[in-house]
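Contents: one structure, followed by commentary.
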Amino acid sequence: MDHKKTGEYWDANAENWTKLVRLGYDKVRLHLTLPKFLEMLPEVHGMKGLDIGCGEGSNTREFQKLGANMTAIDISKTFIRHAQEYEEKCKHGIIYRVASAVDLPFKENFFDFTVSTMALMDIPEYQKVINEAYRVTKPEGFFQFSMTHPCFNFGIPKFIKDENGRRKSIILSGYFDKKEDWIDEWIFGAAPKEVTENMEQFKVPRFEYTLSQWLNAFAKSGFVLEEVCEPNPSDELLEREPSFWTERIVALFIIFRYRKLPLKK
Ligand SMILES: C[S@@+](CC[C@H](N)C(=O)[O-])C[C@H]1O[C@@H](n2cnc3c(N)ncnc32)[C@H](O)[C@@H]1O
């Protein structure tokens, strides 16, 4: 499967995804991955930024609120239409465009920084995406992105539960097996049945690579690793949202920040 076919799957998910995100059912993003992403983000006030794979634009708006001048792209026309409609109403000043991350429609060194939240693992041509992010980021600029954790978030995991029925351990295997692309089917678990009963499950193409494949792809690009975070729920969050227990057993997500080195004088 290539990025275009993957884009068709995402476009088919976009209508219901947008509805559920805007009703607040994307709880992992809201309570865990986005707060950690923002915590780790360097100062962006007054800087020109690009969000790659922006979806309906919730996270892009968070970056804009920090004072960045954001442009955002997504391969799905439906997601971009929803993002633009929101922009027309609320006038944040964000520019949205339909484009694929493997071929960014921007000049070299155009952005002070690039970000991407939970999209890189969804694009089979990941080396091209990394190279494109590098190309459009200015020297000394950064690329910060989140994705599913390659070591702990693959295949369909099984769990061992404790005497109270709470997930205690995760059973994973086949990390080094050559993986075929496959289609994961799910919907936001926080959404009540009455909201989702007439909705189709999302169909998400999965491409699973090992940690070393990711790190080596970045090593080839010229980016230099600056910081890593494996978001996990605080005790206080677990108290409020016990469904986050799985994220306490292992790291299901990972955030990296890479830096483009300055030009040599
Ligand atoms: C899991 S969603 C994440 C959306 C949003 N960034 C967020 O964090 O909520 C993955 C996004 O990647 C987009 N995407 C997939 N392939 C893409 C590609 N080749 N170029 C740009 N966007 C792509 C999808 O359309 C979708 O919006």
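Residue numbers start at 1 in each chain; chains themselves are named A, B, ... in the order of the structure tokens; ligands are numbered from 1 in the order shown.
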At a cut-off of 6 Å and counting only C-alpha atoms and all ligand atoms, what residues surround ligand 1? Please answer as a PyMOL selection string. chain A and resi 3+6-7+10+52-55+74-76+100-102+117-119+122-123
Selection from above, N, CA and C atoms, as an mmCIF file, in the first residue's frame, can you write it?
data_model
loop_
_atom_site.group_PDB
_atom_site.id
_atom_site.type_symbol
_atom_site.label_atom_id
_atom_site.label_comp_id
_atom_site.auth_asym_id
_atom_site.auth_seq_id
_atom_site.Cartn_x
_atom_site.Cartn_y
_atom_site.Cartn_z
ATOM 1 N N HIS A 3 1.092 5.820 -0.001
ATOM 2 C CA HIS A 3 0.482 6.922 0.761
ATOM 3 C C HIS A 3 -0.869 7.350 0.172
ATOM 4 N N THR A 6 -3.463 4.867 1.378
ATOM 5 C CA THR A 6 -3.651 5.127 2.811
ATOM 6 C C THR A 6 -4.517 6.364 3.009
ATOM 7 N N GLY A 7 -4.265 7.375 2.172
ATOM 8 C CA GLY A 7 -5.035 8.616 2.247
ATOM 9 C C GLY A 7 -6.519 8.367 2.007
ATOM 10 N N TRP A 10 -8.022 7.166 5.159
ATOM 11 C CA TRP A 10 -8.177 8.255 6.136
ATOM 12 C C TRP A 10 -9.314 9.192 5.764
ATOM 13 N N ILE A 52 2.210 18.497 10.087
ATOM 14 C CA ILE A 52 2.094 17.475 9.035
ATOM 15 C C ILE A 52 1.082 16.408 9.473
ATOM 16 N N GLY A 53 0.020 16.226 8.683
ATOM 17 C CA GLY A 53 -1.019 15.238 9.035
ATOM 18 C C GLY A 53 -1.902 15.792 10.138
ATOM 19 N N CYS A 54 -2.479 16.985 9.883
ATOM 20 C CA CYS A 54 -3.148 17.758 10.948
ATOM 21 C C CYS A 54 -4.545 17.257 11.288
ATOM 22 N N GLY A 55 -5.120 16.363 10.467
ATOM 23 C CA GLY A 55 -6.497 15.943 10.718
ATOM 24 C C GLY A 55 -7.441 17.128 10.669
ATOM 25 N N ASP A 74 -2.822 17.991 5.295
ATOM 26 C CA ASP A 74 -3.299 16.621 5.480
ATOM 27 C C ASP A 74 -3.641 16.078 4.102
ATOM 28 N N ILE A 75 -3.514 14.762 3.960
ATOM 29 C CA ILE A 75 -3.814 14.143 2.659
ATOM 30 C C ILE A 75 -5.318 14.028 2.429
ATOM 31 N N SER A 76 -6.103 14.106 3.520
ATOM 32 C CA SER A 76 -7.553 13.921 3.402
ATOM 33 C C SER A 76 -8.256 15.251 3.132
ATOM 34 N N SER A 100 0.312 15.698 0.492
ATOM 35 C CA SER A 100 0.863 14.502 1.128
ATOM 36 C C SER A 100 2.211 14.833 1.759
ATOM 37 N N ALA A 101 2.448 14.244 2.894
ATOM 38 C CA ALA A 101 3.703 14.462 3.620
ATOM 39 C C ALA A 101 4.913 13.961 2.839
ATOM 40 N N VAL A 102 4.697 13.096 1.855
ATOM 41 C CA VAL A 102 5.857 12.580 1.109
ATOM 42 C C VAL A 102 6.322 13.568 0.044
ATOM 43 N N THR A 117 1.591 15.167 14.805
ATOM 44 C CA THR A 117 1.091 14.392 15.942
ATOM 45 C C THR A 117 0.352 13.160 15.441
ATOM 46 N N MET A 118 0.875 12.027 15.818
ATOM 47 C CA MET A 118 0.251 10.723 15.563
ATOM 48 C C MET A 118 -0.071 10.506 14.081
ATOM 49 N N ALA A 119 0.859 10.859 13.211
ATOM 50 C CA ALA A 119 0.614 10.647 11.783
ATOM 51 C C ALA A 119 1.756 9.899 11.090
ATOM 52 N N ASP A 122 1.518 6.331 10.166
ATOM 53 C CA ASP A 122 0.430 6.013 9.233
ATOM 54 C C ASP A 122 0.847 6.159 7.777
ATOM 55 N N ILE A 123 2.103 6.466 7.539
ATOM 56 C CA ILE A 123 2.541 6.746 6.162
ATOM 57 C C ILE A 123 3.648 5.752 5.788
#
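Neighbours of region 162-170 of chain A closer than or equal to 12 Å, with only C-alpha atoms counted and sequence neighbours fewer than 4 positions away skipped, come out as Phe152, Asn153, Phe154, Gly155, Ile156, Pro157, Lys158, Pro242, Ser243, Phe244, Trp245, Thr246, Glu247, Arg248, Ile249, Val250, Ala251 and Leu252 of chain A.
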Selected residues written out with all heavy atoms, as a short mmCIF file (atom, residue, chain, number, x, y, z; two decimals), in the first residue's frame:
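As a result, again01.cif now contains:
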data_model
loop_
_atom_site.label_atom_id
_atom_site.label_comp_id
_atom_site.auth_asym_id
_atom_site.auth_seq_id
_atom_site.Cartn_x
_atom_site.Cartn_y
_atom_site.Cartn_z
N PHE A 152 6.08 -1.33 21.63
CA PHE A 152 4.98 -1.85 22.47
C PHE A 152 3.60 -1.70 21.84
O PHE A 152 2.60 -2.13 22.43
CB PHE A 152 4.95 -1.13 23.83
CG PHE A 152 6.25 -1.18 24.56
CD1 PHE A 152 6.99 -0.03 24.76
CD2 PHE A 152 6.74 -2.38 25.05
CE1 PHE A 152 8.20 -0.07 25.44
CE2 PHE A 152 7.94 -2.42 25.72
CZ PHE A 152 8.68 -1.27 25.92
N ASN A 153 3.52 -1.05 20.70
CA ASN A 153 2.21 -0.78 20.13
C ASN A 153 2.18 -1.31 18.70
O ASN A 153 2.31 -0.58 17.73
CB ASN A 153 1.95 0.74 20.17
CG ASN A 153 0.49 1.09 19.96
OD1 ASN A 153 -0.28 0.28 19.47
ND2 ASN A 153 0.12 2.31 20.32
N PHE A 154 2.07 -2.64 18.59
CA PHE A 154 1.98 -3.27 17.27
C PHE A 154 1.11 -4.52 17.41
O PHE A 154 0.95 -5.06 18.50
CB PHE A 154 3.38 -3.61 16.72
CG PHE A 154 4.16 -4.56 17.58
CD1 PHE A 154 4.06 -5.94 17.41
CD2 PHE A 154 5.00 -4.08 18.57
CE1 PHE A 154 4.79 -6.82 18.20
CE2 PHE A 154 5.73 -4.95 19.37
CZ PHE A 154 5.63 -6.33 19.19
N GLY A 155 0.57 -4.94 16.27
CA GLY A 155 -0.27 -6.14 16.27
C GLY A 155 -1.49 -5.95 17.17
O GLY A 155 -1.88 -4.83 17.48
N ILE A 156 -2.10 -7.06 17.56
CA ILE A 156 -3.25 -6.98 18.45
C ILE A 156 -2.81 -7.60 19.78
O ILE A 156 -2.66 -8.82 19.88
CB ILE A 156 -4.47 -7.72 17.86
CG1 ILE A 156 -4.82 -7.10 16.49
CG2 ILE A 156 -5.67 -7.66 18.82
CD1 ILE A 156 -5.92 -7.79 15.73
N PRO A 157 -2.55 -6.77 20.80
CA PRO A 157 -1.99 -7.30 22.04
C PRO A 157 -3.01 -8.07 22.86
O PRO A 157 -4.21 -7.85 22.73
CB PRO A 157 -1.57 -6.03 22.80
CG PRO A 157 -2.46 -4.96 22.28
CD PRO A 157 -2.79 -5.32 20.87
N LYS A 158 -2.48 -8.99 23.68
CA LYS A 158 -3.35 -9.67 24.66
C LYS A 158 -2.90 -9.17 26.03
O LYS A 158 -1.77 -8.71 26.19
CB LYS A 158 -3.14 -11.17 24.58
CG LYS A 158 -3.67 -11.78 23.30
CD LYS A 158 -3.82 -13.30 23.49
CE LYS A 158 -4.39 -13.95 22.26
NZ LYS A 158 -3.40 -14.09 21.19
N PRO A 242 -9.47 5.82 34.92
CA PRO A 242 -8.85 4.50 35.10
C PRO A 242 -8.59 3.77 33.78
O PRO A 242 -7.75 2.87 33.72
CB PRO A 242 -9.89 3.73 35.94
CG PRO A 242 -10.79 4.77 36.51
CD PRO A 242 -10.76 5.95 35.60
N SER A 243 -9.24 4.20 32.69
CA SER A 243 -9.02 3.53 31.40
C SER A 243 -7.58 3.72 30.91
O SER A 243 -7.14 3.04 29.98
CB SER A 243 -9.99 4.07 30.36
OG SER A 243 -9.75 5.45 30.16
N PHE A 244 -6.83 4.63 31.54
CA PHE A 244 -5.44 4.85 31.11
C PHE A 244 -4.46 3.82 31.68
O PHE A 244 -3.26 3.98 31.52
CB PHE A 244 -4.99 6.27 31.47
CG PHE A 244 -5.48 7.30 30.51
CD1 PHE A 244 -6.61 8.05 30.77
CD2 PHE A 244 -4.83 7.51 29.31
CE1 PHE A 244 -7.08 8.98 29.87
CE2 PHE A 244 -5.29 8.44 28.39
CZ PHE A 244 -6.42 9.18 28.67
N TRP A 245 -4.98 2.79 32.34
CA TRP A 245 -4.09 1.79 32.92
C TRP A 245 -3.15 1.16 31.90
O TRP A 245 -1.98 0.89 32.18
CB TRP A 245 -4.88 0.68 33.65
CG TRP A 245 -4.70 0.86 35.11
CD1 TRP A 245 -5.62 1.33 35.99
CD2 TRP A 245 -3.50 0.65 35.86
NE1 TRP A 245 -5.08 1.44 37.23
CE2 TRP A 245 -3.78 1.02 37.19
CE3 TRP A 245 -2.21 0.20 35.54
CZ2 TRP A 245 -2.83 0.94 38.20
CZ3 TRP A 245 -1.27 0.12 36.57
CH2 TRP A 245 -1.58 0.49 37.86
N THR A 246 -3.69 0.91 30.70
CA THR A 246 -2.84 0.26 29.68
C THR A 246 -1.60 1.12 29.40
O THR A 246 -0.50 0.59 29.21
CB THR A 246 -3.64 0.05 28.37
OG1 THR A 246 -4.93 -0.44 28.73
CG2 THR A 246 -2.96 -0.93 27.45
N GLU A 247 -1.79 2.43 29.39
CA GLU A 247 -0.66 3.33 29.11
C GLU A 247 0.33 3.36 30.27
O GLU A 247 1.42 3.93 30.14
CB GLU A 247 -1.17 4.76 28.83
CG GLU A 247 -1.76 4.95 27.44
CD GLU A 247 -3.19 4.49 27.30
OE1 GLU A 247 -3.75 3.93 28.27
OE2 GLU A 247 -3.76 4.66 26.20
N ARG A 248 -0.04 2.78 31.43
CA ARG A 248 0.89 2.70 32.55
C ARG A 248 1.69 1.39 32.51
O ARG A 248 2.80 1.29 33.02
CB ARG A 248 0.09 2.82 33.85
CG ARG A 248 0.85 2.80 35.15
CD ARG A 248 2.00 3.77 35.22
NE ARG A 248 1.76 5.10 35.74
CZ ARG A 248 1.54 5.41 37.01
NH1 ARG A 248 1.47 4.50 37.94
NH2 ARG A 248 1.38 6.66 37.34
N ILE A 249 1.11 0.37 31.84
CA ILE A 249 1.80 -0.93 31.79
C ILE A 249 3.04 -0.82 30.89
O ILE A 249 4.13 -1.26 31.27
CB ILE A 249 0.85 -2.03 31.23
CG1 ILE A 249 -0.38 -2.21 32.14
CG2 ILE A 249 1.58 -3.36 31.08
CD1 ILE A 249 -1.46 -3.09 31.55
N VAL A 250 2.86 -0.25 29.72
CA VAL A 250 3.98 -0.01 28.80
C VAL A 250 3.75 1.33 28.10
O VAL A 250 2.63 1.85 28.13
CB VAL A 250 4.11 -1.11 27.70
CG1 VAL A 250 4.62 -2.41 28.26
CG2 VAL A 250 2.81 -1.29 26.95
N ALA A 251 4.79 1.83 27.42
CA ALA A 251 4.64 3.09 26.67
C ALA A 251 3.98 2.78 25.33
O ALA A 251 4.58 2.09 24.50
CB ALA A 251 5.99 3.74 26.46
N LEU A 252 2.78 3.26 25.13
CA LEU A 252 2.09 3.01 23.86
C LEU A 252 2.40 4.10 22.82
O LEU A 252 2.15 3.93 21.64
CB LEU A 252 0.56 2.93 24.07
CG LEU A 252 0.07 1.73 24.87
CD1 LEU A 252 -1.45 1.74 24.95
CD2 LEU A 252 0.54 0.41 24.24
#
DSSP on the backbone, then: every residue of region 167-241 of chain A marked strand (DSSP E), written as a ChimeraX atom specification. /A:167-171,182-186,202-206,224-229
If we count only C-alpha atoms, what is near Gly24 (chain A) at a cut-off of 12 Å, once residues fewer than 2 positions away on the same chain are taken out, given as a ChimeraX atom specification? /A:17-22,26-31,58,188-192
Skip region 59-69 of chain A itself and residues of its chain fewer than 6 positions away, then list as a count of residues only all residues within 10 Å of it, counting only C-alpha atoms. 30
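Interatomic distance, CA of Arg97 (chain A) against CA of Phe79 (chain A): 10.0 Å.
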Check the DSSP output for the backbone and give back, as a PDB file with N, CA and C atoms, in the first residue's frame, the residues of region 71-255 of chain A in alpha helix (DSSP H).
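Full text of result-v8.pdb as output:
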ATOM      1  N   LYS A  77      -8.972  15.280   2.008  1.00  0.00           N
ATOM      2  CA  LYS A  77      -9.723  16.505   1.652  1.00  0.00           C
ATOM      3  C   LYS A  77     -10.802  16.777   2.684  1.00  0.00           C
ATOM      4  N   THR A  78     -11.412  15.723   3.201  1.00  0.00           N
ATOM      5  CA  THR A  78     -12.506  15.899   4.164  1.00  0.00           C
ATOM      6  C   THR A  78     -11.981  16.513   5.467  1.00  0.00           C
ATOM      7  N   PHE A  79     -10.846  16.031   5.944  1.00  0.00           N
ATOM      8  CA  PHE A  79     -10.262  16.638   7.155  1.00  0.00           C
ATOM      9  C   PHE A  79      -9.948  18.114   6.913  1.00  0.00           C
ATOM     10  N   ILE A  80      -9.356  18.417   5.756  1.00  0.00           N
ATOM     11  CA  ILE A  80      -8.968  19.808   5.482  1.00  0.00           C
ATOM     12  C   ILE A  80     -10.212  20.683   5.336  1.00  0.00           C
ATOM     13  N   ARG A  81     -11.269  20.140   4.744  1.00  0.00           N
ATOM     14  CA  ARG A  81     -12.511  20.931   4.639  1.00  0.00           C
ATOM     15  C   ARG A  81     -13.021  21.273   6.051  1.00  0.00           C
ATOM     16  N   HIS A  82     -13.021  20.294   6.948  1.00  0.00           N
ATOM     17  CA  HIS A  82     -13.494  20.569   8.319  1.00  0.00           C
ATOM     18  C   HIS A  82     -12.582  21.585   9.021  1.00  0.00           C
ATOM     19  N   ALA A  83     -11.288  21.441   8.816  1.00  0.00           N
ATOM     20  CA  ALA A  83     -10.341  22.375   9.458  1.00  0.00           C
ATOM     21  C   ALA A  83     -10.568  23.791   8.920  1.00  0.00           C
ATOM     22  N   GLN A  84     -10.778  23.889   7.604  1.00  0.00           N
ATOM     23  CA  GLN A  84     -10.979  25.224   7.004  1.00  0.00           C
ATOM     24  C   GLN A  84     -12.299  25.841   7.442  1.00  0.00           C
ATOM     25  N   GLU A  85     -13.341  25.006   7.561  1.00  0.00           N
ATOM     26  CA  GLU A  85     -14.638  25.539   8.004  1.00  0.00           C
ATOM     27  C   GLU A  85     -14.517  26.105   9.422  1.00  0.00           C
ATOM     28  N   TYR A  86     -13.765  25.397  10.263  1.00  0.00           N
ATOM     29  CA  TYR A  86     -13.534  25.867  11.640  1.00  0.00           C
ATOM     30  C   TYR A  86     -12.784  27.198  11.611  1.00  0.00           C
ATOM     31  N   GLU A  87     -11.780  27.240  10.726  1.00  0.00           N
ATOM     32  CA  GLU A  87     -10.957  28.452  10.580  1.00  0.00           C
ATOM     33  C   GLU A  87     -11.808  29.643  10.118  1.00  0.00           C
ATOM     34  N   GLU A  88     -12.720  29.377   9.185  1.00  0.00           N
ATOM     35  CA  GLU A  88     -13.577  30.473   8.701  1.00  0.00           C
ATOM     36  C   GLU A  88     -14.416  31.053   9.833  1.00  0.00           C
ATOM     37  N   LYS A  89     -14.857  30.173  10.752  1.00  0.00           N
ATOM     38  CA  LYS A  89     -15.681  30.649  11.872  1.00  0.00           C
ATOM     39  C   LYS A  89     -14.832  31.357  12.923  1.00  0.00           C
ATOM     40  N   CYS A  90     -13.703  30.765  13.264  1.00  0.00           N
ATOM     41  CA  CYS A  90     -12.958  31.237  14.449  1.00  0.00           C
ATOM     42  C   CYS A  90     -11.756  32.121  14.135  1.00  0.00           C
ATOM     43  N   TYR A 126       7.937   6.310   5.068  1.00  0.00           N
ATOM     44  CA  TYR A 126       8.338   7.145   6.212  1.00  0.00           C
ATOM     45  C   TYR A 126       9.689   7.836   5.998  1.00  0.00           C
ATOM     46  N   GLN A 127      10.597   7.183   5.237  1.00  0.00           N
ATOM     47  CA  GLN A 127      11.891   7.842   4.996  1.00  0.00           C
ATOM     48  C   GLN A 127      11.693   9.133   4.186  1.00  0.00           C
ATOM     49  N   LYS A 128      10.794   9.070   3.203  1.00  0.00           N
ATOM     50  CA  LYS A 128      10.520  10.273   2.388  1.00  0.00           C
ATOM     51  C   LYS A 128       9.925  11.379   3.243  1.00  0.00           C
ATOM     52  N   VAL A 129       9.045  11.008   4.161  1.00  0.00           N
ATOM     53  CA  VAL A 129       8.395  12.015   5.014  1.00  0.00           C
ATOM     54  C   VAL A 129       9.455  12.702   5.890  1.00  0.00           C
ATOM     55  N   ILE A 130      10.343  11.919   6.456  1.00  0.00           N
ATOM     56  CA  ILE A 130      11.396  12.488   7.308  1.00  0.00           C
ATOM     57  C   ILE A 130      12.286  13.413   6.466  1.00  0.00           C
ATOM     58  N   ASN A 131      12.643  12.961   5.260  1.00  0.00           N
ATOM     59  CA  ASN A 131      13.499  13.787   4.388  1.00  0.00           C
ATOM     60  C   ASN A 131      12.796  15.091   4.009  1.00  0.00           C
ATOM     61  N   GLU A 132      11.475  15.006   3.780  1.00  0.00           N
ATOM     62  CA  GLU A 132      10.711  16.205   3.428  1.00  0.00           C
ATOM     63  C   GLU A 132      10.639  17.174   4.621  1.00  0.00           C
ATOM     64  N   ALA A 133      10.426  16.628   5.810  1.00  0.00           N
ATOM     65  CA  ALA A 133      10.385  17.486   7.008  1.00  0.00           C
ATOM     66  C   ALA A 133      11.736  18.190   7.161  1.00  0.00           C
ATOM     67  N   TYR A 134      12.807  17.464   6.905  1.00  0.00           N
ATOM     68  CA  TYR A 134      14.153  18.037   7.002  1.00  0.00           C
ATOM     69  C   TYR A 134      14.334  19.160   5.971  1.00  0.00           C
ATOM     70  N   ARG A 135      13.876  18.893   4.753  1.00  0.00           N
ATOM     71  CA  ARG A 135      14.057  19.857   3.652  1.00  0.00           C
ATOM     72  C   ARG A 135      13.354  21.188   3.952  1.00  0.00           C
ATOM     73  N   VAL A 136      12.120  21.130   4.473  1.00  0.00           N
ATOM     74  CA  VAL A 136      11.361  22.386   4.641  1.00  0.00           C
ATOM     75  C   VAL A 136      11.671  23.105   5.959  1.00  0.00           C
ATOM     76  N   LYS A 193     -22.116   4.161  23.299  1.00  0.00           N
ATOM     77  CA  LYS A 193     -22.699   3.340  22.211  1.00  0.00           C
ATOM     78  C   LYS A 193     -23.746   4.109  21.407  1.00  0.00           C
ATOM     79  N   GLU A 194     -24.562   4.909  22.109  1.00  0.00           N
ATOM     80  CA  GLU A 194     -25.635   5.608  21.371  1.00  0.00           C
ATOM     81  C   GLU A 194     -25.066   6.611  20.363  1.00  0.00           C
ATOM     82  N   VAL A 195     -23.841   7.052  20.604  1.00  0.00           N
ATOM     83  CA  VAL A 195     -23.219   7.988  19.654  1.00  0.00           C
ATOM     84  C   VAL A 195     -22.623   7.225  18.463  1.00  0.00           C
ATOM     85  N   THR A 196     -22.073   6.041  18.726  1.00  0.00           N
ATOM     86  CA  THR A 196     -21.326   5.347  17.663  1.00  0.00           C
ATOM     87  C   THR A 196     -22.125   4.232  16.971  1.00  0.00           C
ATOM     88  N   LEU A 211      12.085  -0.091  16.246  1.00  0.00           N
ATOM     89  CA  LEU A 211      12.694   1.155  16.722  1.00  0.00           C
ATOM     90  C   LEU A 211      13.958   1.475  15.919  1.00  0.00           C
ATOM     91  N   SER A 212      14.773   0.438  15.633  1.00  0.00           N
ATOM     92  CA  SER A 212      16.027   0.721  14.916  1.00  0.00           C
ATOM     93  C   SER A 212      15.744   1.208  13.496  1.00  0.00           C
ATOM     94  N   GLN A 213      14.675   0.708  12.864  1.00  0.00           N
ATOM     95  CA  GLN A 213      14.342   1.220  11.526  1.00  0.00           C
ATOM     96  C   GLN A 213      14.015   2.715  11.584  1.00  0.00           C
ATOM     97  N   TRP A 214      13.258   3.119  12.595  1.00  0.00           N
ATOM     98  CA  TRP A 214      12.937   4.544  12.744  1.00  0.00           C
ATOM     99  C   TRP A 214      14.196   5.369  13.012  1.00  0.00           C
ATOM    100  N   LEU A 215      15.002   4.906  13.975  1.00  0.00           N
ATOM    101  CA  LEU A 215      16.178   5.706  14.356  1.00  0.00           C
ATOM    102  C   LEU A 215      17.170   5.809  13.196  1.00  0.00           C
ATOM    103  N   ASN A 216      17.305   4.720  12.443  1.00  0.00           N
ATOM    104  CA  ASN A 216      18.229   4.758  11.299  1.00  0.00           C
ATOM    105  C   ASN A 216      17.710   5.664  10.186  1.00  0.00           C
ATOM    106  N   ALA A 217      16.385   5.716  10.016  1.00  0.00           N
ATOM    107  CA  ALA A 217      15.813   6.617   9.001  1.00  0.00           C
ATOM    108  C   ALA A 217      16.133   8.066   9.372  1.00  0.00           C
ATOM    109  N   PHE A 218      16.050   8.375  10.646  1.00  0.00           N
ATOM    110  CA  PHE A 218      16.387   9.742  11.082  1.00  0.00           C
ATOM    111  C   PHE A 218      17.879  10.006  10.947  1.00  0.00           C
ATOM    112  N   ALA A 219      18.690   8.998  11.260  1.00  0.00           N
ATOM    113  CA  ALA A 219      20.147   9.173  11.151  1.00  0.00           C
ATOM    114  C   ALA A 219      20.515   9.504   9.702  1.00  0.00           C
ATOM    115  N   LYS A 220      19.814   8.886   8.742  1.00  0.00           N
ATOM    116  CA  LYS A 220      20.106   9.135   7.314  1.00  0.00           C
ATOM    117  C   LYS A 220      19.694  10.541   6.884  1.00  0.00           C
ATOM    118  N   SER A 221      18.696  11.112   7.580  1.00  0.00           N
ATOM    119  CA  SER A 221      18.124  12.384   7.126  1.00  0.00           C
ATOM    120  C   SER A 221      19.017  13.577   7.422  1.00  0.00           C
ATOM    121  N   ASP A 235      -0.432   9.605  38.497  1.00  0.00           N
ATOM    122  CA  ASP A 235      -1.353   8.957  39.445  1.00  0.00           C
ATOM    123  C   ASP A 235      -2.683   9.690  39.456  1.00  0.00           C
ATOM    124  N   GLU A 236      -2.601  11.004  39.374  1.00  0.00           N
ATOM    125  CA  GLU A 236      -3.807  11.835  39.413  1.00  0.00           C
ATOM    126  C   GLU A 236      -4.692  11.561  38.180  1.00  0.00           C
ATOM    127  N   LEU A 237      -4.063  11.410  37.018  1.00  0.00           N
ATOM    128  CA  LEU A 237      -4.838  11.113  35.805  1.00  0.00           C
ATOM    129  C   LEU A 237      -5.461   9.714  35.898  1.00  0.00           C
ATOM    130  N   LEU A 238      -4.692   8.764  36.442  1.00  0.00           N
ATOM    131  CA  LEU A 238      -5.222   7.397  36.582  1.00  0.00           C
ATOM    132  C   LEU A 238      -6.429   7.356  37.513  1.00  0.00           C
ATOM    133  N   GLU A 239      -6.365   8.181  38.529  1.00  0.00           N
ATOM    134  CA  GLU A 239      -7.476   8.278  39.484  1.00  0.00           C
ATOM    135  C   GLU A 239      -8.739   8.760  38.759  1.00  0.00           C
ATOM    136  N   ARG A 240      -8.556   9.795  37.936  1.00  0.00           N
ATOM    137  CA  ARG A 240      -9.682  10.390  37.197  1.00  0.00           C
ATOM    138  C   ARG A 240     -10.142   9.512  36.052  1.00  0.00           C
ATOM    139  N   TRP A 245      -4.979   2.787  32.337  1.00  0.00           N
ATOM    140  CA  TRP A 245      -4.086   1.787  32.923  1.00  0.00           C
ATOM    141  C   TRP A 245      -3.147   1.156  31.901  1.00  0.00           C
ATOM    142  N   THR A 246      -3.686   0.910  30.697  1.00  0.00           N
ATOM    143  CA  THR A 246      -2.842   0.260  29.679  1.00  0.00           C
ATOM    144  C   THR A 246      -1.600   1.115  29.397  1.00  0.00           C
ATOM    145  N   GLU A 247      -1.787   2.425  29.392  1.00  0.00           N
ATOM    146  CA  GLU A 247      -0.664   3.334  29.111  1.00  0.00           C
ATOM    147  C   GLU A 247       0.334   3.364  30.270  1.00  0.00           C
ATOM    148  N   ARG A 248      -0.039   2.778  31.428  1.00  0.00           N
ATOM    149  CA  ARG A 248       0.891   2.704  32.554  1.00  0.00           C
ATOM    150  C   ARG A 248       1.691   1.393  32.515  1.00  0.00           C
ATOM    151  N   ILE A 249       1.106   0.367  31.844  1.00  0.00           N
ATOM    152  CA  ILE A 249       1.801  -0.933  31.785  1.00  0.00           C
ATOM    153  C   ILE A 249       3.044  -0.823  30.894  1.00  0.00           C
TER     154      ILE A 249
END
